[in-house]
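Since the structure comes first, as structure tokens, the remarks are kept for the end.
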Amino acid sequence: MKIFTNNTRRASSFCPRAKSLSKIKVKEGRTEILETSSIAKSAVEKFKLGEYQTISEVNEYITQEYEKIAVPSVQKKAMIAETIALVSRYLNYDDRKTLGVITKTFSYRGHDVIVSPDFMYLEDTVLTLVSFSAGRQKMSTKFLKNGLTGCTKSCLETLGLLLYGMEELTLRNIKYGDIVICYDSLKSGNEKIVLPLSDYTSNGNRASTKSNQRVTETFSVIDGKCNHLNSDSFIETIEKYETGQECSGDDCEFCKYSPFCNEGDNNDDSLLPAQETREKELGSIQFTKEQEAILEFSKGVALVNAGAGAGKTNTIAYRIADLILGGSNPSDILMISFSSSAANEMSSRLLRVGKQLDIEEDIKKVHVTTFNGLGGNLIRTHFRGFGYTSVPVLIDSVKEYELVIRSVEEYGQISSLNYVMPHMDFGKVKGAYKYLLSEFRKIRTFDLTVERYVKDEFSRSVWENYLVYVKLLRDNNFIDYADQINLIAHAIRYGQDSVLAELNYSHIIVDEFQDTSDNQLSFLNYMLYCSKFVSLMMVGDASQAIYGFRGSSPESILNLNDKLLDEFKEYYLSGNFRSGQMILDLADRCLMVSGQVPKKHCISMVSNPGDYVLFSGAEKTIENVFPEFIDEVKTRGINLSDVAIIAHNTSTLEKIKAYLDSCNIESAIRTPMSVLSDKRVKAAICLAKFFANTEDGISLMKYIKVKNNLDVSDMISDATAMNTILDEYSTKYVDALNNIEDDVTLMALLLQGLEDLDTDDAVYHHFFEDIKNNNFTSSAEIIKYITALDKYDLDYKVTTDNNSGITLTTAHSSKGLEWKAVLVDIMDFKFNTISSSSEYQELMRLLYVSITRAQEFVGVFGNTEIIKNVS
């Protein structure tokens, strides 16, 4: 057996899967971090070998090598500065020139041990052999964390260096001396390193790391012999190396086969196919007196306070139908919903009512949209009036991020932001580009002025960088999501009536009115005085205003006379067709204890509800509460698909799911899920990477694995067959890339490869639909878009539906849904961390929304004080 000792610290040397996968012949693609590490290591080597005599020469070499890497100049400048600082600090600490080293092969107990030290030094009778690694941040230290792969006395790299050192001492006729095996690393100065190794040497503040750890082993040579060479630990390690031993997983990121072993992918059984929403058959409907009053409203402005489960969607649909039957022009009716999904649902409901009343063709002419859709259409129609020379394009996340990068290139660095790792995003800790992206979005979402945003010199710099970004948006003929609202609001504010001509409707209905922003209210205020205006009806529920983080609040309903106009008619939909009265009383109690008295209490319209409420305190966990809850569910004959567990955070739902899995109870999380964490999306990214670089065999291999539903055992069971499959795919795509003259055919081939992944994965289905809906005109555009999502970590989330088992969902995601039985975990609502009464009231409204999802049985647990108050 051949042992290449310079690889034996890596997990791939010991992992049996990686050893088996190594029989499959693939090429590796280069990554940015490997390129930068290679530059740093090469710079050190050139100095040690005497190719450069001064550190300034080394620094010049580093600068020249970075010019070959395609990254933005501001980022490149920061990377050059950091690499120069790392290398200079290291060389100032250890400026020795190495003796000549070559690769040698030694025979050890029937094995060929192949050795190549990085540096070698001789002082008197002490021979130092160095294995050197380079990297920035934590890259160069992670592989030292595992005891099996660390530089211990049993490490095979230590064995190889010992054999090398013994021969060097023999060649120099040194019979008595020491061999020092040194594992040295180039690391950033602010890095905190904790190694599970007790044998290291600290060298003061001059070393290459802040904690200055240089891992060494010293071996004595007596009369030309080193007893440690006969150590049984080397034999044991060789056996592990030969047969393979599972690693701890800490080092997997350094193994090129890690995408096939430790993906952390979503489980197929937790992601169910995307399905169309099924509406209950309407049949004949009987209206309550409250609903009849709303249907009879025909002129002026009306505010409809619609409690949870009040049947507002049906009421709105029949009001629109009644307007048409009464002679109103359907093209002059505008229905505004809060989201695209809600608008689609309303369109479907209208069509069903239209069929029922034989006015289907008329009802199709009703304009159903969102505020953003309304604004976007206006901007595209009257683009010149908004200052554009051609129809502007709604920017996607990739182009938006690239404009942020370009704005930084033009503006320059802002002190204290990280431009070395600008794409980093760990929540509150962000790289420069990610931080600026979040700030620019905040400014535009809330339509902030310089007076409202700038607080100090730092925020002023961000604002000035933002102005460069705004100019780039205009210069490139882009609008973003917030522009669809803000540009219309500005046009209204400055009296640009010529671009607002289409905001002229006879009848306007707004759903989820409690979630409107001030700029959206300006739309409505303008339309009140248009020539065709007859009526405006706003439907909402102040008790369900739960999007404070988006800038909305219940003020739009509670203080409508301040926000919109003084005179309006007020209606109520207090009848609840979903829940029993005990559940509704509990929900109302949540509002009352927080100082939010409902204008009108909800009245259950459910006959014989038999509803039930279960309370448990803070000392209770899901393990304590669930048995009693599920017993009640079973007693009532409720199917698991009619059961939901609601929490505030997804992390809590994941813990609950783990518990339910241990109980063999089927469940699925219905909450926004990460697209870039989905295994099929990862495979799509790999296919795009291969199209961009046909040398990247690892990416092609990952795509094949997922596309053909292979697992690691399938791949390693027959390496020959796997190589055949790999060759077939590689030939198919490479031939196409080399020989196809028209891009249409190549684009079709790429889209077909992506479509082949669209099977039973709801997250991927959304991703692939997004690709198709982007209307890309070339294969290069598709490849650039997909690979950029990965490169810049531009993750986004989609919501998948569960059609069997218990639904696990966040409180925000539960809005608009219903189940027969609901269990609410309020432990992570974090009532104890709120700093204002408004935050407390919004949390109680969120609890109100969660409780009112239940039809006949609700359980609440996790906070003794809150439960004591509401019970």
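For the structure tokens, the naming scheme is as follows: chains receive sequential letters (A, B, ...) according to their order of presentation, residues are indexed from 1 within each chain, and ligands are indexed from 1 in presentation order.
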Near stretch 471-474 of chain A, counting only C-alpha atoms, which residues have an atom at most 8 Å away, once you skip same-chain residues fewer than 5 positions from it, shown as a ChimeraX atom specification? /A:388,403,407,479
Give the helix (DSSP H, G or I) residues of stretch 728-860 of chain A, as assigned by DSSP on the backbone, as a count of residues only. 75
Need the shell around A:Asp358: protein/DNA/RNA residues with any atom at most 12 Å away, counting only C-alpha atoms. Skip same-chain ones fewer than 6 positions apart. Format as a VMD selection string? chain A and resid 321 324 to 325 350 to 352 364
I'd like the contact shell of A:Ser340 - 12 Å cut-off, only C-alpha atoms, skipping same-chain residues fewer than 3 positions apart - returned as an MDAnalysis selection string. chainID A and resid 336:337 343:347 368:374
Tell me, in Å to one decimal, how far atom CA of A:Arg578 is from atom CA of A:Gln855.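 Computing it gives 5.3 Å between the two atoms.
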So what do you get for atom CA of A:Asp332 versus atom CA of A:Cys530, distance-wise?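 Rounded to one decimal, the two atoms are 11.9 Å apart.
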Do you know which residues are at most 12 Å from A:Leu448 counting only C-alpha atoms, after dropping those on the same chain fewer than 4 positions away, and could you put them as a ChimeraX atom specification? /A:439-444,452-454,463,466,482,486,519,551
Do a neighbour search on A:Leu49 at 7 Å with only C-alpha atoms, toss out local chain neighbours closer than 2 positions, and write the hits as a ChimeraX atom specification. /A:45-47,51,97-98
Can you spit out the residues from that selection as an mmCIF file, in the first residue's frame, using C-alpha atoms?
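Writing the result to again.cif gives the following:
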```cif
data_model
loop_
_atom_site.group_PDB
_atom_site.id
_atom_site.type_symbol
_atom_site.label_atom_id
_atom_site.label_comp_id
_atom_site.auth_asym_id
_atom_site.auth_seq_id
_atom_site.Cartn_x
_atom_site.Cartn_y
_atom_site.Cartn_z
ATOM 1 C CA GLU A 45 7.580 29.081 0.168
ATOM 2 C CA LYS A 46 9.277 31.475 -2.266
ATOM 3 C CA PHE A 47 10.820 33.396 0.628
ATOM 4 C CA GLU A 51 13.635 33.069 -4.421
ATOM 5 C CA LYS A 97 15.650 29.916 4.792
ATOM 6 C CA THR A 98 14.908 26.254 4.228
#
```
Counting only C-alpha atoms, which residues in stretch 470-510 of chain A sit no more than 9 Å from stretch 537-543 of chain A? For each one, give the nearest pair of atoms and the distance in Å, sorted by chain then residue number, as JSON lines.
```
{"residue": "A:His507", "atom": "CA", "partner": "A:Met537", "partner_atom": "CA", "distance": 8.0}
{"residue": "A:Ile508", "atom": "CA", "partner": "A:Met537", "partner_atom": "CA", "distance": 6.2}
{"residue": "A:Ile509", "atom": "CA", "partner": "A:Met537", "partner_atom": "CA", "distance": 4.8}
{"residue": "A:Val510", "atom": "CA", "partner": "A:Met538", "partner_atom": "CA", "distance": 4.8}
```
Can you write just those residues out, C-alpha atoms, as a PDB file, in the first residue's frame?
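In the end it all went to selection-v4.pdb:
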```
ATOM      1  CA  HIS A 507     -65.332  50.723  -6.451  1.00  0.00           C
ATOM      2  CA  ILE A 508     -62.257  49.774  -4.412  1.00  0.00           C
ATOM      3  CA  ILE A 509     -62.023  46.924  -1.903  1.00  0.00           C
ATOM      4  CA  VAL A 510     -58.904  46.457   0.261  1.00  0.00           C
TER       5      VAL A 510
END
```
Mind checking which residues fall within 7 Å of A:Ala644, counting only C-alpha atoms, ignoring those fewer than 3 positions away in the same chain, and posting them as a VMD selection string? chain A and resid 806 to 808 819 821 to 823
Got time to write the residues from that selection, C-alpha atoms, as a CSV table (one decimal), in the first residue's frame?
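The resulting file, result-v4.csv, is reproduced below:
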```csv
chain,number,residue,atom,x,y,z
A,806,ILE,CA,-49.4,17.0,12.2
A,807,THR,CA,-48.6,20.5,10.8
A,808,LEU,CA,-45.8,22.4,12.5
A,819,TRP,CA,-57.2,23.2,12.0
A,821,ALA,CA,-57.0,21.0,17.0
A,822,VAL,CA,-54.2,23.4,17.7
A,823,LEU,CA,-51.4,23.3,20.3
```
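Nearest to A:Glu290 of all the residues A:Lys312, A:Lys104, A:Arg109, A:Arg172 is A:Lys312, based on only C-alpha atoms.
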